[in-house]
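Student: Input file: target-v9.cif. Contents: mmCIF, C-alpha atoms.
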data_final
loop_
_atom_site.label_atom_id
_atom_site.label_comp_id
_atom_site.auth_asym_id
_atom_site.auth_seq_id
_atom_site.Cartn_x
_atom_site.Cartn_y
_atom_site.Cartn_z
CA ARG P 420 187.86 -11.72 289.97
CA VAL P 421 188.28 -9.41 287.01
CA GLN P 422 185.25 -10.79 285.19
CA SER P 423 181.80 -9.24 285.38
CA PRO P 424 178.42 -9.84 283.70
CA ALA P 425 179.46 -7.19 281.15
CA ASP P 426 182.10 -9.64 279.87
CA ARG P 427 179.59 -12.40 279.04
CA LEU P 428 178.88 -13.28 275.44
CA LEU P 429 175.28 -12.31 274.61
CA ILE P 430 173.69 -13.09 271.24
CA VAL P 431 170.80 -10.92 270.06
CA ARG P 432 168.19 -13.26 268.62
CA ALA P 433 166.26 -12.30 265.53
CA ASN P 434 163.71 -9.67 266.47
CA SER P 435 164.97 -8.08 263.29
CA PRO P 436 166.31 -10.50 260.68
CA LEU P 437 169.82 -10.01 262.11
CA GLU P 438 171.46 -12.03 264.87
CA TYR P 439 174.76 -10.83 266.30
CA PRO P 440 176.78 -10.78 269.53
CA ALA P 441 175.56 -8.03 271.84
CA GLN P 442 178.65 -8.25 274.04
CA GLY P 443 181.47 -10.55 275.01
CA VAL P 444 183.58 -10.50 271.84
CA GLU P 445 187.14 -9.58 272.76
CA VAL P 446 190.42 -9.44 270.87
CA ARG P 447 193.97 -8.54 271.86
CA PRO P 448 195.43 -5.45 270.14
CA LEU P 449 196.58 -6.21 266.56
CA GLN P 450 195.28 -9.79 266.78
CA THR P 451 192.43 -11.71 265.10
CA VAL P 452 189.25 -13.20 266.52
CA LEU P 453 186.40 -15.25 265.07
CA VAL P 454 183.15 -13.26 265.44
CA PRO P 455 180.49 -15.65 266.82
CA GLY P 456 176.72 -15.59 266.63
CA MET P 457 176.04 -13.77 263.34
CA ALA P 458 173.12 -14.85 261.16
CA THR P 459 170.25 -13.43 259.11
CA LEU P 460 166.71 -14.58 258.46
CA GLY P 461 166.72 -12.86 255.06
CA CYS P 462 163.48 -10.84 254.90
CA SER P 463 163.46 -9.33 251.42
CA PRO P 464 160.15 -7.73 250.44
CA PRO P 465 158.07 -10.22 248.36
CA GLN P 466 157.51 -7.60 245.65
CA HIS P 467 161.31 -7.15 245.30
CA PRO P 468 162.87 -10.55 245.90
CA SER P 469 166.67 -10.51 245.90
CA PRO P 470 169.46 -12.90 246.89
CA PRO P 471 170.34 -12.70 250.58
CA GLN P 472 173.14 -10.22 251.27
CA VAL P 473 174.71 -8.69 254.38
CA ASN P 474 177.29 -5.95 254.90
CA LEU P 475 179.81 -5.53 257.73
CA THR P 476 181.84 -2.38 258.43
CA ALA P 477 184.57 -1.87 261.04
CA THR P 478 186.53 1.27 261.93
CA MET P 479 189.61 0.01 263.82
CA GLY P 480 190.28 -3.20 261.95
CA THR P 481 189.56 -5.39 258.95
CA LEU P 482 187.08 -8.17 258.23
CA ALA P 483 187.73 -11.47 256.48
CA VAL P 484 186.69 -15.12 256.53
CA ALA P 485 188.56 -18.10 257.93
CA ALA P 486 187.01 -20.42 255.30
CA VAL P 487 185.00 -19.91 252.13
CA VAL P 488 181.60 -21.56 251.74
CA GLU P 489 180.64 -22.68 248.25
CA GLY P 490 178.11 -20.44 246.55
CA VAL P 491 178.92 -17.31 248.62
CA GLU P 492 180.25 -14.18 246.93
CA LEU P 493 182.67 -12.04 249.01
CA GLN P 494 183.64 -8.44 248.35
CA GLY P 495 186.16 -6.46 250.42
CA GLU P 496 187.82 -9.36 252.21
CA GLY P 497 190.71 -8.07 254.32
CA GLN P 498 189.26 -4.55 254.29
CA PRO P 499 187.16 -2.58 256.83
CA HIS P 500 184.04 -3.20 254.71
CA LEU P 501 182.96 -6.74 253.86
CA SER P 502 179.92 -7.77 251.77
CA LEU P 503 178.58 -11.32 251.62
CA ALA P 504 175.92 -12.54 249.17
CA ALA P 505 174.57 -15.97 248.28
CA ALA P 506 171.75 -17.52 246.33
CA HIS P 507 170.74 -19.62 249.32
CA LEU P 508 170.20 -18.30 252.85
CA ASP P 509 171.67 -21.35 254.56
CA HIS P 510 174.92 -20.89 252.61
CA LEU P 511 175.11 -17.26 253.69
CA ASN P 512 174.52 -18.10 257.35
CA ARG P 513 177.13 -20.83 257.16
CA GLN P 514 179.61 -18.31 255.78
CA LEU P 515 178.82 -15.85 258.59
CA GLN P 516 180.09 -18.46 261.07
CA PHE P 517 183.60 -17.99 259.63
CA VAL P 518 183.84 -14.20 259.68
CA THR P 519 186.94 -12.89 261.45
CA TYR P 520 187.93 -9.48 262.76
CA THR P 521 191.55 -8.28 262.87
CA ASN P 522 192.48 -5.19 264.84
CA THR P 523 194.80 -2.93 262.84
CA LEU P 524 194.75 0.36 264.78
CA PHE P 525 196.58 -0.17 268.06
CA HIS P 526 195.03 0.83 271.36
CA PRO P 527 195.62 -0.98 274.69
CA ASP P 528 191.99 -0.75 275.85
CA THR P 529 189.14 0.36 273.59
CA ALA P 530 186.35 -1.06 271.42
CA ASP P 531 185.44 -1.13 267.74
CA ILE P 532 181.76 -0.68 266.84
CA VAL P 533 180.96 -2.95 263.90
CA GLN P 534 178.00 -2.09 261.66
CA PHE P 535 175.95 -5.08 260.48
CA SER P 536 173.20 -4.57 257.87
CA THR P 537 170.94 -6.26 255.37
CA ASP P 538 168.07 -5.00 253.23
CA GLY P 539 166.22 -2.41 255.30
CA HIS P 540 167.76 -3.43 258.65
CA GLU P 541 170.84 -2.22 260.50
CA ALA P 542 172.51 -3.19 263.76
CA ALA P 543 175.77 -2.50 265.55
CA PHE P 544 177.82 -4.43 268.09
CA ALA P 545 181.07 -3.87 269.94
CA ILE P 546 184.30 -5.83 269.76
CA ARG P 547 186.40 -5.03 272.78
CA ILE P 548 190.10 -4.50 272.10
CA ARG P 549 192.40 -4.85 275.09
CA HIS P 550 195.21 -6.72 276.71
CA PRO P 551 193.53 -9.09 279.16
CA PRO P 552 194.29 -8.21 282.80
CA THR P 553 197.36 -9.95 284.10
CA PRO P 554 196.54 -12.01 287.19
CA ARG P 555 198.33 -11.04 290.38
CA LEU P 556 199.01 -14.12 292.46
CA TYR P 557 199.86 -14.25 296.15
CA GLY P 558 201.20 -17.23 298.04
CA PRO P 559 198.63 -18.53 300.56
CA GLY P 560 201.29 -19.68 303.01
CA SER P 561 201.54 -23.13 304.50
CA PRO P 562 198.17 -24.55 305.68
CA GLY P 563 199.95 -25.89 308.76
CA ASP P 564 200.81 -22.33 309.78
CA SER P 565 197.19 -21.23 310.14
CA ASP P 566 196.59 -18.48 312.69
CA GLY P 567 192.89 -19.21 312.89
CA ASP P 568 190.75 -21.17 315.29
CA GLY P 569 188.30 -22.54 312.75
CA ASP P 570 187.48 -19.42 310.67
CA GLY P 571 188.53 -21.02 307.40
CA GLY P 572 191.98 -22.05 308.62
CA TYR P 573 193.63 -19.09 306.89
CA ASN P 574 197.28 -18.23 307.35
CA VAL P 575 196.81 -14.58 308.33
CA THR P 576 200.56 -13.97 308.51
CA ALA P 577 200.94 -14.87 304.82
CA LEU P 578 197.79 -13.07 303.67
CA VAL P 579 197.56 -9.86 305.72
CA THR P 580 199.76 -6.86 306.49
CA ILE P 581 198.57 -4.35 309.11
CA ALA P 582 199.17 -0.72 308.13
CA THR P 583 198.80 2.46 310.13
CA LYS P 584 199.83 6.11 310.09
CA THR P 585 201.10 7.78 313.26
CA PHE P 586 201.77 11.36 314.30
CA LEU P 587 203.15 12.20 317.76
CA ARG P 588 201.12 9.52 319.57
CA TYR P 589 203.78 6.93 320.35
CA ASP P 590 202.10 5.82 323.55
CA LYS P 591 198.94 4.96 321.64
CA LEU P 592 200.93 3.33 318.83
CA ARG P 593 202.87 1.10 321.22
CA GLY P 594 199.59 0.04 322.80
CA LEU P 595 198.26 -0.91 319.36
CA ILE P 596 201.37 -2.92 318.51
CA ALA P 597 201.32 -4.74 321.84
CA SER P 598 197.66 -5.67 321.41
CA ILE P 599 198.29 -6.97 317.87
CA ARG P 600 201.15 -9.14 319.09
CA ARG P 601 198.87 -10.82 321.66
CA PHE P 602 196.87 -12.38 318.83
CA TYR P 603 199.07 -12.17 315.72
CA PRO P 604 202.71 -12.38 316.80
CA SER P 605 204.16 -12.75 313.30
CA VAL P 606 201.94 -10.54 311.14
CA THR P 607 203.89 -7.69 309.50
CA ILE P 608 203.04 -4.20 310.78
CA VAL P 609 203.86 -1.19 308.59
CA VAL P 610 203.99 2.24 310.26
CA ALA P 611 204.19 5.54 308.35
CA ASP P 612 205.38 8.33 310.67
CA ASP P 613 205.50 12.09 310.01
CA SER P 614 206.25 13.19 313.58
CA GLN P 615 208.65 16.10 314.06
CA HIS P 616 210.94 14.16 316.40
CA PRO P 617 210.52 10.46 315.54
CA GLU P 618 211.00 7.91 318.27
CA PRO P 619 212.54 4.53 317.43
CA LEU P 620 210.22 1.58 317.02
CA GLN P 621 211.74 -1.85 317.24
CA GLY P 622 210.45 -5.36 317.13
CA PRO P 623 210.10 -8.38 314.88
CA HIS P 624 207.96 -8.06 311.75
CA LEU P 625 207.72 -4.27 312.25
CA GLU P 626 208.57 -1.74 309.51
CA HIS P 627 208.86 1.94 310.47
CA TYR P 628 208.96 4.50 307.63
CA LEU P 629 209.77 8.15 308.36
CA MET P 630 208.26 11.05 306.42
CA PRO P 631 208.78 14.82 306.33
CA PHE P 632 207.18 16.51 309.33
CA GLY P 633 203.43 17.01 309.02
CA LYS P 634 203.26 15.48 305.55
CA GLY P 635 199.77 14.29 306.29
CA TRP P 636 197.37 11.45 306.87
CA PHE P 637 196.71 10.63 303.22
CA ALA P 638 200.34 10.75 302.12
CA GLY P 639 201.11 8.44 305.04
CA ARG P 640 198.49 5.99 303.90
CA ASN P 641 199.98 5.92 300.42
CA LEU P 642 203.43 5.27 301.85
CA ALA P 643 202.25 2.49 304.16
CA VAL P 644 200.19 0.72 301.50
CA SER P 645 203.06 0.99 298.98
CA GLN P 646 205.15 -1.27 301.22
CA VAL P 647 202.56 -4.04 301.55
CA THR P 648 203.49 -7.28 299.81
CA THR P 649 200.56 -9.45 300.92
CA LYS P 650 197.23 -10.03 299.22
CA TYR P 651 195.33 -8.03 301.84
CA VAL P 652 196.03 -4.92 303.88
CA LEU P 653 194.30 -4.17 307.17
CA TRP P 654 194.03 -0.46 307.91
CA VAL P 655 193.88 0.62 311.55
CA ASP P 656 194.29 3.90 313.39
CA ASP P 657 197.25 4.17 315.73
CA ASP P 658 194.97 4.38 318.80
CA PHE P 659 193.08 1.12 318.22
CA ILE P 660 193.39 -1.90 320.51
CA PHE P 661 192.99 -5.52 319.38
CA THR P 662 190.81 -7.76 321.55
CA PRO P 663 189.59 -11.37 321.30
CA ARG P 664 186.78 -10.03 319.07
CA THR P 665 189.27 -8.67 316.51
CA ARG P 666 189.26 -11.85 314.43
CA LEU P 667 190.95 -11.05 311.14
CA GLU P 668 190.27 -14.59 309.89
CA LYS P 669 186.58 -13.67 309.60
CA LEU P 670 187.34 -10.68 307.39
CA VAL P 671 189.72 -12.75 305.26
CA ASP P 672 187.00 -15.38 304.86
CA VAL P 673 184.57 -12.75 303.56
CA LEU P 674 187.00 -11.47 300.93
CA GLU P 675 188.05 -14.99 299.91
CA ARG P 676 184.47 -16.17 299.37
CA THR P 677 182.80 -13.09 297.84
CA SER P 678 183.43 -10.47 295.16
CA LEU P 679 183.97 -7.74 297.77
CA ASP P 680 187.15 -5.68 297.53
CA LEU P 681 186.99 -4.18 301.01
CA VAL P 682 185.22 -5.14 304.22
CA GLY P 683 185.01 -3.01 307.34
CA GLY P 684 184.60 -4.09 310.91
CA ALA P 685 183.27 -2.23 313.95
CA VAL P 686 184.96 0.14 316.40
CA ARG P 687 184.04 0.05 320.08
CA GLU P 688 184.47 3.14 322.24
CA ILE P 689 185.33 3.08 325.95
CA THR P 690 181.69 3.93 326.68
CA GLY P 691 180.63 0.63 325.07
CA TYR P 692 179.16 2.30 321.99
CA THR P 693 180.08 0.41 318.81
CA THR P 694 179.90 1.85 315.30
CA THR P 695 180.36 0.49 311.79
CA TYR P 696 179.70 3.88 310.17
CA ARG P 697 178.04 2.30 307.16
CA GLN P 698 177.29 4.89 304.52
CA ARG P 699 175.53 4.84 301.18
CA LEU P 700 176.95 7.25 298.64
CA SER P 701 175.36 8.56 295.47
CA VAL P 702 176.26 11.31 293.03
CA ARG P 703 173.52 13.06 291.09
CA GLY P 704 174.18 15.04 287.96
CA GLY P 705 173.84 18.74 288.51
CA GLY P 706 174.49 20.21 285.10
CA ALA P 707 177.25 22.58 284.10
CA GLY P 708 177.77 23.85 287.64
CA GLY P 709 178.79 20.47 289.02
CA ASP P 710 177.25 17.39 290.61
CA CYS P 711 175.77 16.75 294.04
CA LEU P 712 176.95 14.18 296.55
CA ARG P 713 174.47 12.54 298.88
CA THR P 714 175.52 10.50 301.89
CA ARG P 715 173.06 8.41 303.88
CA PRO P 716 173.66 6.00 306.75
CA GLY P 717 172.81 2.39 306.09
CA PHE P 718 173.51 -0.34 303.56
CA HIS P 719 172.20 -1.75 300.30
CA HIS P 720 171.53 -5.39 301.24
CA ARG P 721 172.69 -8.28 303.39
CA LEU P 722 175.71 -10.25 302.21
CA ALA P 723 174.64 -13.76 301.26
CA GLY P 724 176.24 -16.42 303.45
CA PHE P 725 177.39 -13.95 306.11
CA PRO P 726 174.52 -12.97 308.45
CA ALA P 727 176.54 -10.28 310.26
CA CYS P 728 177.68 -8.59 307.03
CA VAL P 729 176.13 -6.16 304.56
CA VAL P 730 177.03 -4.44 301.28
CA THR P 731 177.45 -0.68 301.46
CA ASP P 732 179.60 2.16 300.04
CA GLY P 733 181.60 3.49 302.98
CA VAL P 734 182.73 2.05 306.30
CA VAL P 735 184.52 2.93 309.50
CA ASN P 736 188.28 3.48 309.52
CA PHE P 737 189.00 -0.18 310.31
CA PHE P 738 188.90 -2.37 307.24
CA LEU P 739 190.56 -5.23 305.38
CA ALA P 740 190.98 -4.73 301.65
CA ARG P 741 192.59 -6.20 298.59
CA THR P 742 195.95 -4.47 298.38
CA ASP P 743 195.87 -3.91 294.62
CA LYS P 744 192.42 -2.30 294.85
CA VAL P 745 193.49 0.13 297.58
CA ARG P 746 196.49 1.12 295.47
CA GLN P 747 194.25 1.58 292.45
CA VAL P 748 192.08 4.12 294.29
CA GLY P 749 194.86 5.67 296.38
CA PHE P 750 194.72 8.57 298.82
CA ASP P 751 195.01 12.17 297.64
CA PRO P 752 198.17 13.51 299.34
CA ARG P 753 196.92 17.09 298.95
CA LEU P 754 194.49 16.33 301.79
CA ARG P 755 196.80 16.26 304.80
CA ARG P 756 194.04 15.32 307.21
CA PRO P 757 190.45 14.08 306.77
CA VAL P 758 188.08 16.82 305.70
CA PHE P 759 184.92 15.36 307.21
CA GLY P 760 185.59 12.61 309.74
CA VAL P 761 187.69 11.38 312.63
CA LEU P 762 187.02 7.64 312.52
CA VAL P 763 186.26 7.62 308.84
CA PRO P 764 188.13 8.33 305.60
CA LEU P 765 184.64 9.17 304.27
CA PRO P 766 183.94 10.65 301.93
CA GLU P 767 187.36 11.27 300.39
CA PHE P 768 188.65 7.72 299.88
CA PHE P 769 185.29 6.06 299.28
CA ILE P 770 184.16 8.73 296.83
CA ASP P 771 187.36 8.18 294.88
CA GLY P 772 186.48 4.48 295.02
CA LEU P 773 182.94 4.78 293.66
CA GLY P 774 182.69 2.46 290.67
CA VAL P 775 185.95 0.75 291.65
CA LEU P 776 185.48 -0.66 295.15
CA HIS P 777 182.87 -3.24 296.10
CA VAL P 778 182.48 -2.54 299.82
CA GLY P 779 181.06 -4.55 302.69
CA SER P 780 180.81 -4.28 306.47
CA CYS P 781 180.72 -6.92 309.21
CA GLU P 782 179.59 -6.00 312.69
CA ASP P 783 180.98 -9.11 314.40
CA VAL P 784 184.68 -8.18 314.01
CA VAL P 785 185.39 -5.47 316.56
CA VAL P 786 188.42 -3.39 317.52
CA ASP P 787 188.55 -1.15 320.60
CA HIS P 788 189.24 2.57 320.41
CA ALA P 789 191.64 3.86 323.06
CA SER P 790 190.07 6.46 325.35
CA LYS P 791 190.46 10.12 324.47
CA LEU P 792 188.94 11.15 327.80
CA ALA P 793 191.61 13.23 329.56
CA LEU P 794 191.48 16.41 331.60
CA PRO P 795 193.13 19.31 329.72
CA TRP P 796 195.66 19.95 332.50
CA ARG P 797 196.72 16.28 332.48
CA ARG P 798 197.54 16.18 328.77
CA THR P 799 201.17 15.78 327.77
CA GLU P 800 202.84 18.31 325.50
CA GLY P 801 202.70 15.74 322.69
CA GLU P 802 198.94 15.33 323.15
CA ARG P 803 198.42 19.09 323.10
CA GLN P 804 200.53 19.43 319.97
CA TYR P 805 198.63 16.59 318.31
CA ALA P 806 195.29 18.24 319.13
CA ARG P 807 196.40 21.52 317.54
CA TYR P 808 197.18 19.77 314.27
CA ARG P 809 194.33 17.28 314.31
CA TYR P 810 191.48 19.57 315.35
CA PRO P 811 192.09 23.04 313.87
CA SER P 812 189.75 25.88 314.68
CA ALA P 813 186.84 26.66 312.41
CA ARG P 814 188.67 29.81 311.32
CA ASP P 815 191.69 27.85 310.11
CA ASP P 816 192.35 28.81 306.48
CA SER P 817 193.79 25.37 305.69
CA LEU P 818 190.44 23.74 306.48
CA ARG P 819 188.62 26.02 304.06
CA LEU P 820 191.22 25.29 301.39
CA LYS P 821 190.71 21.55 301.87
CA HIS P 822 186.96 21.91 301.46
CA ARG P 823 187.51 23.90 298.27
CA LEU P 824 189.90 21.27 296.94
CA PHE P 825 187.50 18.46 297.80
CA PHE P 826 184.61 20.07 295.95
CA PHE P 827 186.76 21.12 292.99
CA LYS P 828 188.54 17.80 292.36
CA ASN P 829 185.23 15.88 292.41
CA ARG P 830 183.33 18.54 290.46
CA PHE P 831 180.80 18.90 293.27
CA LYS P 832 178.66 21.94 293.83
CA CYS P 833 176.71 20.57 296.77
CA MET P 834 176.64 17.83 299.36
CA ALA P 835 173.73 16.57 301.42
CA GLY P 836 173.34 13.92 304.09
CA ASN P 837 171.09 12.72 306.87
#
Represent the structure contained in this file as structure tokens.
Tutor:
Amino acid sequence: RVQSPADRLLIVRANSPLEYPAQGVEVRPLQTVLVPGMATLGCSPPQHPSPPQVNLTATMGTLAVAAVVEGVELQGEGQPHLSLAAAHLDHLNRQLQFVTYTNTLFHPDTADIVQFSTDGHEAAFAIRIRHPPTPRLYGPGSPGDSDGDGDGGYNVTALVTIATKTFLRYDKLRGLIASIRRFYPSVTIVVADDSQHPEPLQGPHLEHYLMPFGKGWFAGRNLAVSQVTTKYVLWVDDDFIFTPRTRLEKLVDVLERTSLDLVGGAVREITGYTTTYRQRLSVRGGGAGGDCLRTRPGFHHRLAGFPACVVTDGVVNFFLARTDKVRQVGFDPRLRRPVFGVLVPLPEFFIDGLGVLHVGSCEDVVVDHASKLALPWRRTEGERQYARYRYPSARDDSLRLKHRLFFFKNRFKCMAGN
């Protein structure tokens, strides 16, 4: 999962007389590696014939040979600059197969650019220096404990934790929990709560974490995700309702069988309208004044093997994701509530995830959205208080400050969308 095409070993064939590895050579810090793929065709000008010779120069390590080939002269072995010369080209190329690189200047994740030259020709290639990523393994659970009904036979209880953030809406939250328990009675639910007067939440496989009053949506997300111990985390709003169409096994199957890091579902309103809120994001350079963000509805392409799924950049606020990837991106706690959306963490979270998250969306996994249709005079005091915090007036100074922070932290000077 941590490999990409950029990690493949590529050898540059002799367009010039030099062959060398274009990418894929990697060494641990302060360790030694054999450098593969080096050779020369030896194109000395006919009017100035000379014995074949090549030069290698490193900046963060030394060069040597693992074995010496007869008839090859070496200069600078064990130093950053190594010269190799031979009377016969085949001897020189044989010697190049034994060249080693040893990193001597410690850095946990960098690269050394090695210069490779012969008469009239120069090239350079990178040797990546890093500790290889440590795999993070999660137990799959017992196959006999599968929660599914044929969608891969996955043990959702062992693989998924459901996380949510709540504020004042305990009636909605209890409805969410009850609906989850209809279909997934033993899946762990993590609730982050920054209500002023918290109400107790009790039940099996339920974790309730209290926060300072009004700490905010993003800080709550960080807290909830920090307590997840499973491979995947499902994010839901506290006013969602699970139905027979909320099949988490399908989302797990997508993440298990593709390179996606996060896959969103669809949210159905009481009116019957269903949205996936798929968004394509791009950032265009804007010079010294900052860059420009462009958001467009839609997706990049269909996801192979999953007809109801696509690849995109941003999705609705109902998604399953790899826990370690969500933690890697995180949620900026300075943004106490979403700047731009109600059902979406877009663009804050997904902009922070550009270049990190591989995002998909599947329209055939649906969660219901509890109705917000209520006459003003029938609202409870808690609902009125929630509305004051959740939907501030356009003249609210805190909203302007959040917009300023959003543009500043991302170095944006403009944003456009359809």
Student: For this file, the PyMOL selection byres ((chain P and resi 668) around 7) selects which residues, as a PyMOL selection string?
Tutor: chain P and resi 567+570+573+575+666-667+669-672
Student: Figure out the distance between atom CA of P:Asp658 and atom CA of P:Ile599, please, to one decimal in Å.
Tutor: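 It comes out at 11.9 Å.
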Student: Please, which residues are within 7 Å of (177.4, -11.2, 271.0) by the file's coordinates, counting only C-alpha atoms, and could they come as a ChimeraX atom specification?
Tutor: /P:428-431,439-444,455-456
Student: If we count all atoms listed in the file and set the cut-off at 7 Å, which residues sit around P:Gln698, ignoring sequence neighbours fewer than 2 positions away in its own chain? Please answer as a PDB file with C-alpha atoms, keeping the file's coordinate frame.
Tutor:
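As written to disk, result_19.pdb reads:
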ATOM      1  CA  TYR P 696     179.700   3.880 310.170  1.00  0.00           C
ATOM      2  CA  LEU P 700     176.950   7.250 298.640  1.00  0.00           C
ATOM      3  CA  THR P 714     175.520  10.500 301.890  1.00  0.00           C
ATOM      4  CA  ARG P 715     173.060   8.410 303.880  1.00  0.00           C
ATOM      5  CA  PRO P 716     173.660   6.000 306.750  1.00  0.00           C
ATOM      6  CA  GLY P 717     172.810   2.390 306.090  1.00  0.00           C
ATOM      7  CA  PHE P 718     173.510  -0.340 303.560  1.00  0.00           C
ATOM      8  CA  THR P 731     177.450  -0.680 301.460  1.00  0.00           C
ATOM      9  CA  ASP P 732     179.600   2.160 300.040  1.00  0.00           C
ATOM     10  CA  GLY P 733     181.600   3.490 302.980  1.00  0.00           C
ATOM     11  CA  VAL P 734     182.730   2.050 306.300  1.00  0.00           C
TER      12      VAL P 734
END
Student: Pick out the closest residue to P:Thr478 from this set: P:Thr693, P:Asn522, P:Gln516, P:Ser790. Count all atoms listed in the file.
Tutor: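 That would be P:Asn522, the residue with the smallest distance to P:Thr478.
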Student: Once the PyMOL selection byres ((chain P and resi 631-634) around 8) has been evaluated on this model, what residues remain selected, and can you format them as a PyMOL selection string?
Tutor: chain P and resi 586+613-615+629-630+635-636+638-639+755
Student: Quick one: apply the PyMOL selection byres ((chain P and resi 678) around 12) to the file and drop the selected residues here as a VMD selection string.
Tutor: chain P and resid 420 to 423 672 to 677 679 to 682 722 to 723 730 740 to 741 776 to 779
